[in-house]
Amino acid sequence: MSNWESNVRKVVPYTPGEQPKASGMIKLNTNENPYPPSPKVIRAIREFDAEKLRLYPDPTASVLVNALAERYEVKPEQVFVGVGSDDVLAMCFLTFFNSKKPILFPDITYSFYDVWADVFRIPYVTLPLDEHLCIQKEDYYRENGGVIFPNPNAPTGVLLELSEIEDIIKHNPDVICIVDEAYIDFGGVSALPLIEKYDNLLVVQTFSKSRSMAGSRIGYVFGNERLIKYLNDVKYSFNSYTMDQVTLAAGAASLADEEYFQETLHKITATRERMKKELSELGFTMPDSKSNFLFISHPTVPAKELFEALREKHIYVRYFDKPRIDNMLRVTIGRDEEMDQFIAFLKEYLC
């Protein structure tokens, strides 16, 4: 090893979902929205004056922050935005998880949490989900340096009721609690109203899933004014210009089209409920997902075998080679015609 290499910060990186390029594929592996963004988003991008790109974007991202504040009925001072919720969450880790005590999160959850903890040298403890893959609120009644969990959880899709979330916050008044709501629009009740009651709560959301804008990278977090100020102080110490002008305009346009937003949500949730029924009829079991994906297993067909068989037919789902979930597949909800082809393959494969 070279002398300089001994000072390199080494971590095991996050592994994103595969991004295949095959034509005619069915891509159900990265929880992207199968429908396009709002027509207002497309119009905003087409009409954007490209000459403005010679100028730096607004460091406060005010056009997007104000639109979010209006849509969710909070003050602009309660909103922080970043380059996808991953950027926002990383900033939250860096800003608020600085105790020598370990932060807490589930053992089966978004696999970026332990990566950020390792990068920022944050001690952590993972708490096991129960046999039904549910978070047990009592597990979080212990001394810690912070709490974070997704709701609905990923990759399980299981929703924690708002009363249970509030119970966790009540039992952790001296640390920051983060509720990661990347999938909340697909069937849950947001913890957002609780930010008025608890000054240690941050609620993170994203445009990547329900707003069909994963390629634009827009994430945001709600919290009280003091927490948001701390986040902005850290952001401005890294990079004042985190969001480009086109993205800001597109994000604001998305928020201006509530009708389209609700329409696509309804399509996805209706397809999800249909898939639960049809997969159950084929012998699959799964938690009751409230997200835009299902986490499925079959009693006679190993998940890895099925994953590889699907891949050969250019149907891509997500397989996690990890303890407790290595016999399950995460399947994004696509368009009806895509899901019909998925079901048709399963029927043929299982017969």
# chains A, B, ... in the order shown; residues from 1 in each chain; ligands from 1
$ closest_atom_pairs --of "stretch 25-81 of chain A" --to "stretch 190-209 of chain A" --cutoff "8 Å" --atoms "only C-alpha atoms" --output "Markdown table"
| residue | atom | partner | partner_atom | distance |
| --- | --- | --- | --- | --- |
| A:Asn31 | CA | A:Lys209 | CA | 6.8 |
| A:Glu32 | CA | A:Lys209 | CA | 5.7 |
| A:Asn33 | CA | A:Lys209 | CA | 5.5 |
$ write_last_selection --atoms "C-alpha atoms" --output "PDB file, in the first residue's frame"
ATOM      1  CA  ASN A  31     -39.124   2.087  -8.521  1.00  0.00           C
ATOM      2  CA  GLU A  32     -39.337   4.698 -11.234  1.00  0.00           C
ATOM      3  CA  ASN A  33     -42.760   6.040 -12.150  1.00  0.00           C
TER       4      ASN A  33
END
$ closest_atom_pairs --of "stretch 89-112 of chain A" --to "stretch 310-325 of chain A" --cutoff "12 Å" --atoms "only C-alpha atoms" --output "JSON lines"
{"residue": "A:Asp107", "atom": "CA", "partner": "A:Arg324", "partner_atom": "CA", "distance": 9.7}
{"residue": "A:Ile108", "atom": "CA", "partner": "A:Ile325", "partner_atom": "CA", "distance": 8.2}
{"residue": "A:Thr109", "atom": "CA", "partner": "A:Ile325", "partner_atom": "CA", "distance": 10.8}
{"residue": "A:Tyr110", "atom": "CA", "partner": "A:Phe320", "partner_atom": "CA", "distance": 11.5}
{"residue": "A:Ser111", "atom": "CA", "partner": "A:Phe320", "partner_atom": "CA", "distance": 10.3}
$ residues_around --residues "stretch 75-91 of chain A" --least-positions-apart "4" --cutoff "8 Å" --atoms "only C-alpha atoms" --output "number ranges by chain"
A: 61, 65-66, 68-70, 95, 116, 182, 204-208, 214, 216-225, 228-229, 231-232, 234-235, 242-243
$ closest_residue --among "A:Arg211, A:Ala117, A:Asp340, A:Phe93" --to "A:Asp257" --atoms "only C-alpha atoms"
A:Arg211
$ closest_residue --among "A:Val158, A:Leu94, A:Ile178, A:Ile165" --to "A:Tyr230" --atoms "only C-alpha atoms"
A:Leu94
$ select_by_dssp --residues "stretch 161-221 of chain A" --states "helix (DSSP H, G or I)" --output "NGL selection string"
:A and (162-170 or 184-186 or 192-196)
$ residues_around --residues "A:Val12" --least-positions-apart "3" --cutoff "10 Å" --atoms "only C-alpha atoms" --output "PDB file with N, CA and C atoms, in the first residue's frame"
ATOM      1  N   THR A  15     -25.094   0.303  -3.814  1.00  0.00           N
ATOM      2  CA  THR A  15     -25.248  -0.307  -5.126  1.00  0.00           C
ATOM      3  C   THR A  15     -26.610   0.062  -5.699  1.00  0.00           C
ATOM      4  N   ASP A 114     -26.527   2.988   5.960  1.00  0.00           N
ATOM      5  CA  ASP A 114     -25.256   2.562   6.552  1.00  0.00           C
ATOM      6  C   ASP A 114     -24.068   3.106   5.765  1.00  0.00           C
ATOM      7  N   VAL A 115     -24.251   3.360   4.459  1.00  0.00           N
ATOM      8  CA  VAL A 115     -23.176   3.945   3.660  1.00  0.00           C
ATOM      9  C   VAL A 115     -22.865   5.354   4.148  1.00  0.00           C
ATOM     10  N   ASP A 118     -21.102   5.274   7.449  1.00  0.00           N
ATOM     11  CA  ASP A 118     -19.687   4.932   7.315  1.00  0.00           C
ATOM     12  C   ASP A 118     -18.880   6.092   6.743  1.00  0.00           C
ATOM     13  N   VAL A 119     -19.414   6.766   5.742  1.00  0.00           N
ATOM     14  CA  VAL A 119     -18.703   7.894   5.125  1.00  0.00           C
ATOM     15  C   VAL A 119     -18.435   8.994   6.149  1.00  0.00           C
TER      16      VAL A 119
END
$ closest_residue --among "A:Asn327, A:Thr60, A:Thr300, A:Thr264" --to "A:Leu350" --atoms "only C-alpha atoms"
A:Thr300
